[in-house]
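Student: My structure is stored as model.csv, with CSV, C-alpha atoms and all ligand atoms.
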chain,number,residue,atom,x,y,z
A,1,MET,CA,-78.8,115.2,-42.4
A,2,ALA,CA,-75.8,117.5,-41.7
A,3,ALA,CA,-74.4,115.0,-39.2
A,4,SER,CA,-74.2,112.1,-41.7
A,5,ARG,CA,-71.6,111.6,-44.4
A,6,ALA,CA,-74.3,111.3,-47.1
A,7,THR,CA,-73.9,113.1,-50.4
A,8,ILE,CA,-76.5,115.8,-50.7
A,9,LEU,CA,-77.9,117.4,-53.9
A,10,ILE,CA,-79.3,120.9,-53.3
A,11,THR,CA,-81.7,122.1,-55.9
A,12,GLY,CA,-83.4,125.4,-56.3
A,13,GLU,CA,-83.8,128.5,-58.4
A,14,THR,CA,-81.1,131.2,-58.4
A,15,GLY,CA,-80.8,133.1,-55.1
A,16,THR,CA,-82.7,130.6,-53.0
A,17,GLY,CA,-79.8,130.0,-50.7
A,18,LYS,CA,-78.1,126.9,-52.0
A,19,GLU,CA,-74.6,127.9,-51.1
A,20,LEU,CA,-75.7,129.2,-47.7
A,21,ILE,CA,-77.4,125.8,-47.0
A,22,ALA,CA,-74.2,124.0,-48.2
A,23,ASN,CA,-72.2,126.0,-45.7
A,24,ALA,CA,-74.7,125.3,-43.0
A,25,ILE,CA,-74.6,121.6,-43.6
A,26,HIS,CA,-70.8,121.7,-43.2
A,27,ALA,CA,-71.0,123.9,-40.1
A,28,HIS,CA,-73.4,121.5,-38.4
A,29,SER,CA,-71.3,118.4,-39.2
A,30,ALA,CA,-68.5,116.8,-37.3
A,31,ARG,CA,-66.3,117.9,-40.1
A,32,HIS,CA,-66.7,121.6,-39.4
A,33,GLU,CA,-63.1,122.0,-38.1
A,34,HIS,CA,-61.9,120.8,-41.5
A,35,PRO,CA,-62.1,122.8,-44.7
A,36,PHE,CA,-65.2,123.6,-46.7
A,37,VAL,CA,-64.1,123.9,-50.3
A,38,PRO,CA,-66.5,125.4,-52.8
A,39,VAL,CA,-65.9,124.6,-56.4
A,40,HIS,CA,-67.8,127.0,-58.7
A,41,SER,CA,-67.8,124.6,-61.6
A,42,GLY,CA,-69.4,127.0,-64.0
A,43,SER,CA,-66.7,129.6,-63.7
A,44,VAL,CA,-63.7,127.3,-64.0
A,45,PRO,CA,-62.7,126.7,-67.7
A,46,PRO,CA,-63.4,123.0,-68.4
A,47,ASP,CA,-59.7,122.1,-69.2
A,48,LEU,CA,-58.6,123.7,-65.9
A,49,LEU,CA,-61.3,122.0,-63.8
A,50,GLU,CA,-59.6,118.6,-63.6
A,51,SER,CA,-56.3,119.9,-62.5
A,52,ALA,CA,-58.1,122.2,-60.0
A,53,LEU,CA,-60.0,119.2,-58.6
A,54,PHE,CA,-57.3,116.6,-58.6
A,55,GLY,CA,-54.1,118.6,-58.5
A,56,HIS,CA,-51.1,118.0,-60.7
A,57,VAL,CA,-47.4,117.2,-60.4
A,58,LYS,CA,-44.6,119.4,-61.7
A,59,GLY,CA,-44.4,119.0,-65.5
A,60,ALA,CA,-47.8,117.3,-65.9
A,61,PHE,CA,-48.6,119.8,-68.7
A,62,THR,CA,-47.1,122.9,-70.3
A,63,GLY,CA,-47.1,125.6,-67.6
A,64,ALA,CA,-47.2,123.2,-64.6
A,65,VAL,CA,-43.9,124.5,-63.2
A,66,ALA,CA,-44.7,123.2,-59.7
A,67,SER,CA,-46.9,120.6,-58.3
A,68,ARG,CA,-50.2,121.7,-56.9
A,69,LYS,CA,-52.7,120.2,-54.6
A,70,GLY,CA,-56.3,119.8,-55.9
A,71,TYR,CA,-59.5,120.7,-54.1
A,72,PHE,CA,-60.1,117.1,-53.2
A,73,GLU,CA,-56.9,116.9,-51.2
A,74,ILE,CA,-57.4,120.4,-49.7
A,75,ALA,CA,-60.9,119.3,-48.6
A,76,ASN,CA,-59.7,116.1,-46.9
A,77,HIS,CA,-61.8,115.4,-43.8
A,78,GLY,CA,-64.0,118.3,-44.7
A,79,THR,CA,-66.6,119.0,-47.3
A,80,ILE,CA,-66.3,119.8,-51.0
A,81,PHE,CA,-69.2,121.8,-52.5
A,82,PHE,CA,-69.8,121.5,-56.2
A,83,ASP,CA,-71.8,124.5,-57.3
A,84,GLU,CA,-73.6,124.4,-60.7
A,85,ILE,CA,-72.8,120.7,-61.0
A,86,GLY,CA,-74.8,120.5,-64.2
A,87,THR,CA,-72.1,122.4,-66.1
A,88,ILE,CA,-69.3,119.8,-65.6
A,89,SER,CA,-68.2,118.1,-68.8
A,90,LEU,CA,-69.0,114.4,-69.3
A,91,GLU,CA,-65.2,113.6,-69.1
A,92,THR,CA,-64.8,115.2,-65.7
A,93,GLN,CA,-68.1,113.6,-64.6
A,94,THR,CA,-66.5,110.2,-65.2
A,95,LYS,CA,-63.5,111.1,-63.0
A,96,LEU,CA,-65.8,112.5,-60.4
A,97,LEU,CA,-67.8,109.3,-60.3
A,98,ARG,CA,-64.6,107.4,-59.7
A,99,VAL,CA,-63.6,109.5,-56.7
A,100,ILE,CA,-67.1,109.2,-55.2
A,101,GLN,CA,-67.0,105.4,-55.6
A,102,GLU,CA,-63.4,104.6,-54.8
A,103,ARG,CA,-62.6,107.6,-52.5
A,104,GLU,CA,-59.3,107.9,-54.3
A,105,PHE,CA,-57.9,109.7,-57.3
A,106,MET,CA,-54.7,110.4,-59.2
A,107,PRO,CA,-53.3,113.9,-59.6
A,108,LEU,CA,-52.6,114.8,-63.3
A,109,GLY,CA,-49.2,113.4,-64.4
A,110,SER,CA,-48.9,111.3,-61.2
A,111,ALA,CA,-48.9,107.5,-61.0
A,112,GLU,CA,-49.8,107.5,-57.3
A,113,THR,CA,-53.3,107.4,-56.0
A,114,ILE,CA,-54.3,109.6,-53.1
A,115,LYS,CA,-57.0,108.4,-50.7
A,116,VAL,CA,-59.3,111.1,-49.3
A,117,ASP,CA,-62.2,111.3,-46.9
A,118,VAL,CA,-64.4,114.0,-48.3
A,119,ARG,CA,-68.1,114.7,-47.9
A,120,ILE,CA,-69.7,115.8,-51.2
A,121,VAL,CA,-72.5,118.4,-51.4
A,122,ALA,CA,-73.6,119.6,-54.9
A,123,ALA,CA,-76.0,122.2,-56.1
A,124,THR,CA,-77.8,123.0,-59.3
A,125,ASN,CA,-80.5,125.3,-60.6
A,126,ALA,CA,-80.7,123.2,-63.7
A,127,ASP,CA,-83.0,120.2,-64.1
A,128,LEU,CA,-80.4,117.4,-63.8
A,129,LYS,CA,-82.9,114.7,-64.7
A,130,ARG,CA,-83.5,116.4,-68.0
A,131,LEU,CA,-79.8,116.8,-68.6
A,132,VAL,CA,-79.6,113.0,-68.0
A,133,GLU,CA,-82.3,112.4,-70.6
A,134,GLU,CA,-80.5,114.7,-73.0
A,135,GLY,CA,-77.3,112.7,-72.5
A,136,LYS,CA,-75.5,115.7,-71.0
A,137,PHE,CA,-75.2,114.3,-67.5
A,138,ARG,CA,-74.3,110.8,-66.5
A,139,GLU,CA,-77.2,108.9,-65.0
A,140,ASP,CA,-75.0,106.9,-62.6
A,141,LEU,CA,-73.4,110.1,-61.3
A,142,TYR,CA,-76.8,111.6,-60.9
A,143,TYR,CA,-77.9,108.8,-58.6
A,144,ARG,CA,-74.7,109.0,-56.7
A,145,LEU,CA,-75.2,112.7,-56.0
A,146,ASN,CA,-78.9,112.5,-55.4
A,147,VAL,CA,-78.7,110.3,-52.3
A,148,ILE,CA,-80.5,113.1,-50.4
A,149,ASN,CA,-82.2,115.8,-52.3
A,150,LEU,CA,-82.8,119.1,-50.6
A,151,ALA,CA,-85.1,121.2,-52.7
A,152,LEU,CA,-85.2,124.9,-51.7
A,153,PRO,CA,-88.5,126.4,-52.6
A,154,PRO,CA,-88.6,129.8,-54.4
A,155,LEU,CA,-89.3,132.8,-52.2
A,156,ARG,CA,-92.7,133.3,-53.7
A,157,GLU,CA,-93.8,130.0,-52.3
A,158,ARG,CA,-92.7,130.9,-48.7
A,159,LYS,CA,-93.7,134.5,-48.4
A,160,GLU,CA,-94.2,134.0,-44.7
A,161,ASP,CA,-90.4,134.1,-44.5
A,162,ILE,CA,-90.2,137.6,-45.9
A,163,PRO,CA,-90.6,139.6,-42.7
A,164,ALA,CA,-88.0,137.5,-40.9
A,165,LEU,CA,-85.5,137.9,-43.8
A,166,VAL,CA,-86.2,141.6,-44.0
A,167,ASP,CA,-85.4,141.9,-40.3
A,168,HIS,CA,-82.3,139.9,-40.7
A,169,PHE,CA,-81.0,142.0,-43.6
A,170,PHE,CA,-81.9,145.3,-41.9
A,171,THR,CA,-79.8,144.2,-39.0
A,172,LYS,CA,-77.0,143.1,-41.3
A,173,TYR,CA,-76.8,146.2,-43.4
A,174,CYS,CA,-77.4,148.6,-40.5
A,175,ARG,CA,-74.4,147.1,-38.8
A,176,GLU,CA,-72.4,147.3,-42.0
A,177,ASN,CA,-73.3,151.0,-42.4
A,178,GLU,CA,-73.0,151.6,-38.7
A,179,LYS,CA,-71.0,154.8,-38.8
A,180,PHE,CA,-73.2,156.3,-41.4
A,181,LEU,CA,-76.3,155.4,-39.4
A,182,GLU,CA,-75.0,156.9,-36.2
A,183,GLU,CA,-74.3,160.2,-37.9
A,184,THR,CA,-77.9,160.5,-39.0
A,185,GLY,CA,-79.4,159.0,-35.9
A,186,ARG,CA,-81.0,156.1,-37.8
A,187,SER,CA,-80.6,152.9,-35.9
A,188,ARG,CA,-83.6,150.7,-36.2
A,189,LEU,CA,-85.2,150.6,-39.6
A,190,GLN,CA,-88.5,149.2,-40.5
A,191,PHE,CA,-90.6,149.2,-43.7
A,192,GLU,CA,-93.9,151.1,-43.6
A,193,PRO,CA,-96.9,148.8,-44.0
A,194,ASP,CA,-97.5,149.8,-47.7
A,195,ALA,CA,-93.8,149.1,-48.5
A,196,MET,CA,-94.1,145.7,-46.7
A,197,GLN,CA,-97.2,144.9,-48.7
A,198,ILE,CA,-95.3,145.5,-52.0
A,199,LEU,CA,-92.6,143.1,-50.8
A,200,MET,CA,-95.3,140.5,-50.0
A,201,ASP,CA,-96.9,140.9,-53.4
A,202,HIS,CA,-93.7,140.7,-55.5
A,203,THR,CA,-92.9,137.5,-57.2
A,204,TRP,CA,-89.2,137.6,-56.5
A,205,PRO,CA,-87.6,136.0,-59.6
A,206,GLY,CA,-84.2,136.6,-57.9
A,207,ASN,CA,-85.4,135.1,-54.7
A,208,VAL,CA,-83.6,135.8,-51.4
A,209,ARG,CA,-80.7,137.5,-53.2
A,210,GLU,CA,-83.1,140.0,-54.8
A,211,LEU,CA,-84.7,140.7,-51.4
A,212,GLU,CA,-81.3,141.2,-49.8
A,213,ASN,CA,-80.4,143.8,-52.5
A,214,VAL,CA,-83.7,145.6,-52.0
A,215,VAL,CA,-83.1,145.8,-48.3
A,216,GLU,CA,-79.5,146.9,-48.6
A,217,ARG,CA,-80.6,149.7,-51.0
A,218,ALA,CA,-83.3,150.8,-48.6
A,219,VAL,CA,-80.8,151.1,-45.8
A,220,VAL,CA,-78.6,153.3,-47.9
A,221,LEU,CA,-81.5,155.5,-49.2
A,222,ALA,CA,-83.7,155.8,-46.2
A,223,SER,CA,-83.8,159.1,-44.4
A,224,GLN,CA,-86.1,158.1,-41.6
A,225,PRO,CA,-86.5,155.0,-39.4
A,226,ALA,CA,-89.9,154.2,-40.9
A,227,VAL,CA,-88.8,153.3,-44.5
A,228,PRO,CA,-91.4,154.4,-47.0
A,229,ALA,CA,-92.3,152.6,-50.3
A,230,ASP,CA,-90.5,155.3,-52.3
A,231,VAL,CA,-87.1,153.8,-51.6
A,232,LEU,CA,-88.1,150.5,-53.3
A,233,PRO,CA,-86.7,149.9,-56.8
A,234,GLU,CA,-88.9,151.1,-59.6
A,235,HIS,CA,-89.7,147.6,-60.9
A,236,LEU,CA,-91.3,146.8,-57.6
A,237,LEU,CA,-93.3,150.0,-57.5
A,238,GLU,CA,-94.6,149.5,-61.0
A,239,ALA,CA,-96.3,146.3,-60.1
A,240,ARG,CA,-98.4,147.8,-57.3
A,241,GLY,CA,-101.8,149.4,-57.8
A,242,LEU,CA,-101.1,152.8,-59.3
A,243,ARG,CA,-102.7,155.9,-57.8
A,244,ILE,CA,-103.2,158.4,-60.5
A,245,ARG,CA,-103.6,161.9,-59.1
A,246,ARG,CA,-106.3,164.1,-60.5
A,247,ASP,CA,-107.4,167.7,-60.1
A,248,ALA,CA,-111.0,168.8,-59.2
A,249,SER,CA,-112.1,168.4,-62.9
A,250,GLY,CA,-110.7,164.9,-63.1
A,251,ARG,CA,-107.7,165.8,-65.2
A,252,LEU,CA,-104.1,164.9,-64.5
A,253,PRO,CA,-102.3,167.5,-62.4
A,254,SER,CA,-99.7,169.7,-64.2
A,255,ASP,CA,-96.8,168.0,-62.4
A,256,ALA,CA,-98.0,164.5,-63.3
A,257,SER,CA,-95.1,162.0,-63.6
A,258,LEU,CA,-94.5,160.0,-66.7
A,259,PHE,CA,-95.9,157.0,-64.9
A,260,GLU,CA,-99.1,158.8,-64.2
A,261,ILE,CA,-99.4,160.0,-67.8
A,262,VAL,CA,-98.7,156.6,-69.3
A,263,ALA,CA,-101.1,154.9,-66.8
A,264,ASP,CA,-103.8,157.4,-67.5
A,265,TYR,CA,-103.5,156.9,-71.2
A,266,GLU,CA,-103.4,153.1,-70.9
A,267,ARG,CA,-106.4,153.2,-68.6
A,268,ARG,CA,-108.5,155.4,-71.0
A,269,LYS,CA,-107.6,153.1,-74.0
A,270,ILE,CA,-108.6,150.0,-72.1
A,271,ILE,CA,-111.9,151.5,-70.9
A,272,ASP,CA,-112.7,152.7,-74.5
A,273,GLN,CA,-112.0,149.1,-75.8
A,274,LEU,CA,-114.1,147.5,-73.0
A,275,GLU,CA,-117.0,149.8,-73.9
A,276,ALA,CA,-116.6,149.0,-77.6
A,277,SER,CA,-116.6,145.3,-76.7
A,278,ASP,CA,-119.7,145.7,-74.6
A,279,TRP,CA,-117.5,145.0,-71.5
A,280,SER,CA,-116.5,141.5,-72.6
A,281,GLN,CA,-112.9,141.2,-71.3
A,282,THR,CA,-112.2,138.3,-73.7
A,283,ALA,CA,-113.2,140.4,-76.7
A,284,ALA,CA,-111.4,143.4,-75.4
A,285,ALA,CA,-108.1,141.5,-74.8
A,286,GLU,CA,-108.4,140.1,-78.4
A,287,ALA,CA,-109.0,143.5,-79.9
A,288,LEU,CA,-106.1,145.0,-77.9
A,289,ARG,CA,-104.0,142.0,-78.9
A,290,ILE,CA,-102.8,141.2,-75.3
A,291,PRO,CA,-103.4,138.0,-73.3
A,292,LEU,CA,-106.5,138.0,-71.2
A,293,SER,CA,-104.4,137.5,-68.1
A,294,THR,CA,-102.5,140.7,-68.9
A,295,LEU,CA,-105.7,142.6,-69.3
A,296,ASN,CA,-107.0,141.3,-66.0
A,297,GLN,CA,-103.8,142.5,-64.3
A,298,LYS,CA,-104.1,145.9,-65.9
A,299,ILE,CA,-107.7,146.3,-64.9
A,300,LYS,CA,-106.7,145.6,-61.3
A,301,ARG,CA,-103.6,147.8,-61.3
A,302,LEU,CA,-105.4,150.7,-63.0
A,303,ASN,CA,-108.4,150.5,-60.8
A,304,ILE,CA,-110.8,150.0,-63.7
A,305,GLU,CA,-114.4,149.4,-62.5
A,306,ILE,CA,-116.0,146.7,-64.6
A,307,ARG,CA,-119.6,147.5,-65.7
A,308,LYS,CA,-122.2,144.9,-66.4
A,309,ARG,CA,-122.6,143.9,-70.0
A,310,SER,CA,-125.7,145.2,-71.6
A,311,GLY,CA,-126.9,141.8,-72.6
A,312,ALA,CA,-126.1,140.2,-69.2
B,1,LIG,N1,-82.4,131.8,-45.3
B,1,LIG,C1,-81.5,132.8,-45.6
B,1,LIG,N2,-81.2,133.6,-44.6
B,1,LIG,C2,-80.3,134.6,-44.8
B,1,LIG,N3,-79.7,134.9,-45.9
B,1,LIG,C3,-80.0,134.1,-47.0
B,1,LIG,C4,-80.9,133.0,-46.8
B,1,LIG,N4,-81.0,132.4,-48.0
B,1,LIG,C5,-80.2,133.1,-48.9
B,1,LIG,N5,-79.6,134.1,-48.2
B,1,LIG,C6,-78.7,135.0,-48.8
B,1,LIG,O1,-79.1,135.3,-50.2
B,1,LIG,C7,-78.0,135.3,-51.1
B,1,LIG,C8,-78.1,134.3,-52.1
B,1,LIG,O2,-77.9,133.0,-51.5
B,1,LIG,P1,-77.0,131.9,-52.2
B,1,LIG,O3,-75.8,132.5,-52.9
B,1,LIG,O4,-76.8,130.8,-51.2
B,1,LIG,O5,-78.0,131.4,-53.3
B,1,LIG,P2,-77.8,130.3,-54.5
B,1,LIG,O6,-79.0,129.4,-54.4
B,1,LIG,O7,-76.5,129.7,-54.4
B,1,LIG,O8,-77.9,131.2,-55.8
B,1,LIG,P3,-77.3,130.9,-57.3
B,1,LIG,O9,-78.1,129.8,-57.9
B,1,LIG,O10,-77.6,132.2,-58.0
B,1,LIG,O11,-75.9,130.6,-57.1
B,1,LIG,C9,-76.8,135.2,-50.2
B,1,LIG,O12,-76.3,136.5,-49.9
B,1,LIG,C10,-77.3,134.5,-49.0
B,1,LIG,O13,-76.5,134.9,-47.8
B,2,MG,MG,-74.9,129.7,-55.7
For the structure just supplied, provide its representation as structure tokens.
Tutor:
Amino acid sequence: MAASRATILITGETGTGKELIANAIHAHSARHEHPFVPVHSGSVPPDLLESALFGHVKGAFTGAVASRKGYFEIANHGTIFFDEIGTISLETQTKLLRVIQEREFMPLGSAETIKVDVRIVAATNADLKRLVEEGKFREDLYYRLNVINLALPPLRERKEDIPALVDHFFTKYCRENEKFLEETGRSRLQFEPDAMQILMDHTWPGNVRELENVVERAVVLASQPAVPADVLPEHLLEARGLRIRRDASGRLPSDASLFEIVADYERRKIIDQLEASDWSQTAAAEALRIPLSTLNQKIKRLNIEIRKRSGA
């Protein structure tokens, strides 16, 4: 679809690569020698957005001491990328619709229309259809933008991409830290299998951006080419099956970490309750006042062996 002129709406959770894909669409189009102009709609104050988009002539408003070209004019023959399109005010939406339909616009304070040839790509992590239903987004604009919908799946639904992405980010950040790496003789980094397993098990609410940060951090912290799980951030380690160390008599060692102490206490509490509930997990979850799904997770994470119920 890159080669066409069609308007594309990219949807997906935060960090799934919407801007990266928008860039790729432009780079693979015949327009690639012309500008790619990103408009971060959410971070431009609403009253400034229109003059940023359409430009203004000198004296159009207080403070307009010189005329200024808008993004649409700058992007002529290229691509304009509307990030967070759902945050644009209804008033600006109306003007945007006009540009899409007429391919022309008037800078603020000007009586002259300017014709442009611009390809439009928009992105959102909001549910635009719902915004339409709530009257916050124009339905006609929605259909104009949504000619082609490119839905980027969250990372947890394409875990098979994780190893390739990890490789890519290792290469990227090893190169960025090249000097540092040469000094310590670290050139090719790789996660140890248990670290990789933790990455595969994580649910990645921050998607590819979160993974990228984890790998960058690992490059900085690693002291050997085989990167162990220890360098992963705490919140990733917490989710994995905990190994609680014990001495010969089954007690926690004297140098037990806070995680081990808390986990051991939690484990004992859960086992006590399961016993009191005759190993009914539903009854135990109720008594502990936590959801059954949470109890199931804890049982797995804390390696609690489920015994048969006496009546069963
Ligand atoms: N397939 C990919 N290959 C390599 N890097 C990727 C890929 N997808 C995303 N990234 C990287 O992940 C980071 C987040 O991507 P991007 O900014 O495009 O996400 P986004 O969907 O626009 O997020 P947000 O909704 O938060 O703005 C960027 O650094 C980007 O380069
Ligand atoms: Mg983005």
Student: For ligand MG 2 (chain B), which residue out of A:Pro38, A:Pro46, A:Gly55, A:Gly250 is the nearest one, using all atoms listed in the file?
Tutor: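 The answer is A:Pro38, which sits nearest to ligand MG 2 (chain B).
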Student: For a quick check of your reading of the model, name the residues lying within 10 Å of the coordinate (-83.3, 117.0, -61.2), counting all atoms listed in the file, and write them as a ChimeraX atom specification.
Tutor: /A:9-12,86,124-132,142,146,149,151
Student: Within 12 Å of ligand MG 2 (chain B), which residues of chain A show up? Give each one with its shortest atom-to-atom distance in Å (one decimal) and the two atoms involved, counting all atoms listed in the file, rows by chain then rising residue number, as CSV.
Tutor:
residue,atom,partner,partner_atom,distance
A:Ile10,CA,B:MG2,MG,10.1
A:Thr11,CA,B:MG2,MG,10.2
A:Gly12,CA,B:MG2,MG,9.5
A:Glu13,CA,B:MG2,MG,9.4
A:Thr14,CA,B:MG2,MG,6.9
A:Gly15,CA,B:MG2,MG,6.8
A:Thr16,CA,B:MG2,MG,8.3
A:Gly17,CA,B:MG2,MG,7.0
A:Lys18,CA,B:MG2,MG,5.6
A:Glu19,CA,B:MG2,MG,4.9
A:Leu20,CA,B:MG2,MG,8.1
A:Ile21,CA,B:MG2,MG,9.9
A:Ala22,CA,B:MG2,MG,9.4
A:Asn23,CA,B:MG2,MG,11.0
A:Pro38,CA,B:MG2,MG,9.9
A:Val39,CA,B:MG2,MG,10.4
A:His40,CA,B:MG2,MG,8.2
A:Ser41,CA,B:MG2,MG,10.5
A:Gly42,CA,B:MG2,MG,10.3
A:Ser43,CA,B:MG2,MG,11.5
A:Phe81,CA,B:MG2,MG,10.3
A:Phe82,CA,B:MG2,MG,9.7
A:Asp83,CA,B:MG2,MG,6.3
A:Glu84,CA,B:MG2,MG,7.4
A:Ile85,CA,B:MG2,MG,10.7
A:Ala122,CA,B:MG2,MG,10.2
A:Ala123,CA,B:MG2,MG,7.6
A:Thr124,CA,B:MG2,MG,8.1
A:Asn125,CA,B:MG2,MG,8.6
A:Ala126,CA,B:MG2,MG,11.8
A:Gly206,CA,B:MG2,MG,11.8
A:Asn207,CA,B:MG2,MG,11.8
A:Val208,CA,B:MG2,MG,11.5
A:Arg209,CA,B:MG2,MG,10.0
Student: From the list A:Lys69, A:Lys136, A:Arg98, A:Lys172, which residue is nearest ligand LIG 1 (chain B) when using all atoms listed in the file?
Tutor: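 Closest to ligand LIG 1 (chain B) of all the choices is A:Lys172.
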Student: Tell me, as number ranges by chain, which residues lie within 10 Å of A:Ile162, counting all atoms listed in the file; anything in the same chain fewer than 2 positions away does not count.
Tutor: A: 155-156, 158-160, 164-168, 196, 199-200, 208, 211
Student: Could you state the separation of atom CA of A:Val220 and atom CA of A:Pro233 in Å, given to one decimal place?
Tutor: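 Distance between the two atoms: 12.5 Å.
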Student: Please list as a list in words every residue within 12 Å of A:Gln101, counting all atoms listed in the file and excluding residues in the same chain fewer than 2 positions away.
Tutor: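 Here the answer would be Thr7, Thr94, Lys95, Leu96, Leu97, Arg98, Val99, Arg103, Glu104, Phe105, Lys115, Val116, Asp117, Val118, Ile120, Asp140, Leu141, Tyr143, Arg144 and Leu145 of chain A.
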Student: Using all atoms listed in the file, which residues sit within 8 Å of stretch 260-276 of chain A once same-chain residues fewer than 2 positions away are excluded, as a PyMOL selection string?
Tutor: chain A and resi 242-245+252+256-258+278-281+284+287-288+299+302+304
Student: Report, in Å with one decimal, the straight-line distance from atom N5 of ligand LIG 1 (chain B) to atom CA of A:Glu212.
Tutor: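 These two atoms are separated by 7.5 Å.
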Student: Work out how far apart atom CA of A:Ile25 and atom CA of A:Phe72 are and give it in Å to one decimal.
Tutor: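 Computing it gives 18.0 Å between the two atoms.
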Student: Considering all atoms listed in the file, can you say which of A:Pro45, A:Pro205, A:Pro107, A:Pro253 comes closest to ligand LIG 1 (chain B)?
Tutor: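 Under the stated criterion, the closest residue is A:Pro205.
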Student: Show which residues sit within 12 Å of A:Lys58, as a list of chain:residue names. Count all atoms listed in the file, and ignore same-chain residues fewer than 5 positions away.
Tutor: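 My reading of the contact set: A:Ser51, A:Gly63, A:Ala64, A:Val65, A:Ala66, A:Ser67, A:Arg68, A:Lys69, A:Pro107, A:Leu108, A:Gly109, A:Ser110.
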Student: Using only C-alpha atoms and all ligand atoms, find the one residue out of A:Pro154, A:Pro35, A:Gly59, A:Gly135 that sits nearest to ligand LIG 1 (chain B).
Tutor: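 Smallest distance to ligand LIG 1 (chain B) is found for A:Pro154.
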Student: Report as a ChimeraX atom specification all protein, DNA and RNA residues lying within 12 Å of A:Asp47, evaluated on all atoms listed in the file, omitting residues in the same chain fewer than 5 positions from it.
Tutor: /A:41,52-53,61,88-89,91-92,108
Student: Find, counting all atoms listed in the file, the residue in A:Ala30, A:Leu152, A:Val147, A:Ile74 that gets nearest to ligand LIG 1 (chain B).
Tutor: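 Checking each of A:Ala30, A:Leu152, A:Val147, A:Ile74 against ligand LIG 1 (chain B), counting all atoms listed in the file, the winner is A:Leu152.
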Student: Give the answer as one residue: which of A:Val214, A:Ile114, A:Leu236, A:Leu189 has the shortest atom-to-atom distance to ligand LIG 1 (chain B), using only C-alpha atoms and all ligand atoms?
Tutor: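 The answer is A:Val214, which sits nearest to ligand LIG 1 (chain B).
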Student: Add whatever atoms are absent from stretch 256-260 of chain A to reach all heavy atoms, and provide the output as a short mmCIF file (atom, residue, chain, number, x, y, z; two decimals), in the frame of the given file.
Tutor:
data_model
loop_
_atom_site.label_atom_id
_atom_site.label_comp_id
_atom_site.auth_asym_id
_atom_site.auth_seq_id
_atom_site.Cartn_x
_atom_site.Cartn_y
_atom_site.Cartn_z
N ALA A 256 -97.81 165.98 -63.22
CA ALA A 256 -98.00 164.50 -63.30
C ALA A 256 -96.65 163.87 -63.77
O ALA A 256 -95.94 164.42 -64.62
CB ALA A 256 -99.07 164.17 -64.29
N SER A 257 -96.35 162.72 -63.18
CA SER A 257 -95.10 162.00 -63.60
C SER A 257 -95.39 161.23 -64.87
O SER A 257 -96.55 161.02 -65.25
CB SER A 257 -94.71 161.03 -62.49
OG SER A 257 -95.61 159.95 -62.45
N LEU A 258 -94.32 160.81 -65.51
CA LEU A 258 -94.50 160.00 -66.70
C LEU A 258 -95.30 158.77 -66.47
O LEU A 258 -96.13 158.37 -67.28
CB LEU A 258 -93.08 159.64 -67.27
CG LEU A 258 -93.09 158.78 -68.54
CD1 LEU A 258 -93.64 159.58 -69.72
CD2 LEU A 258 -91.68 158.30 -68.87
N PHE A 259 -95.10 158.16 -65.26
CA PHE A 259 -95.90 157.00 -64.90
C PHE A 259 -97.36 157.25 -64.90
O PHE A 259 -98.17 156.48 -65.39
CB PHE A 259 -95.43 156.40 -63.56
CG PHE A 259 -94.05 155.85 -63.57
CD1 PHE A 259 -93.05 156.45 -62.81
CD2 PHE A 259 -93.73 154.75 -64.35
CE1 PHE A 259 -91.76 155.96 -62.84
CE2 PHE A 259 -92.44 154.25 -64.37
CZ PHE A 259 -91.46 154.86 -63.62
N GLU A 260 -97.71 158.41 -64.32
CA GLU A 260 -99.10 158.80 -64.20
C GLU A 260 -99.69 159.03 -65.62
O GLU A 260 -100.81 158.63 -65.93
CB GLU A 260 -99.29 160.00 -63.33
CG GLU A 260 -99.16 159.66 -61.85
CD GLU A 260 -99.15 160.90 -60.98
OE1 GLU A 260 -98.33 161.81 -61.25
OE2 GLU A 260 -99.96 160.97 -60.04
#
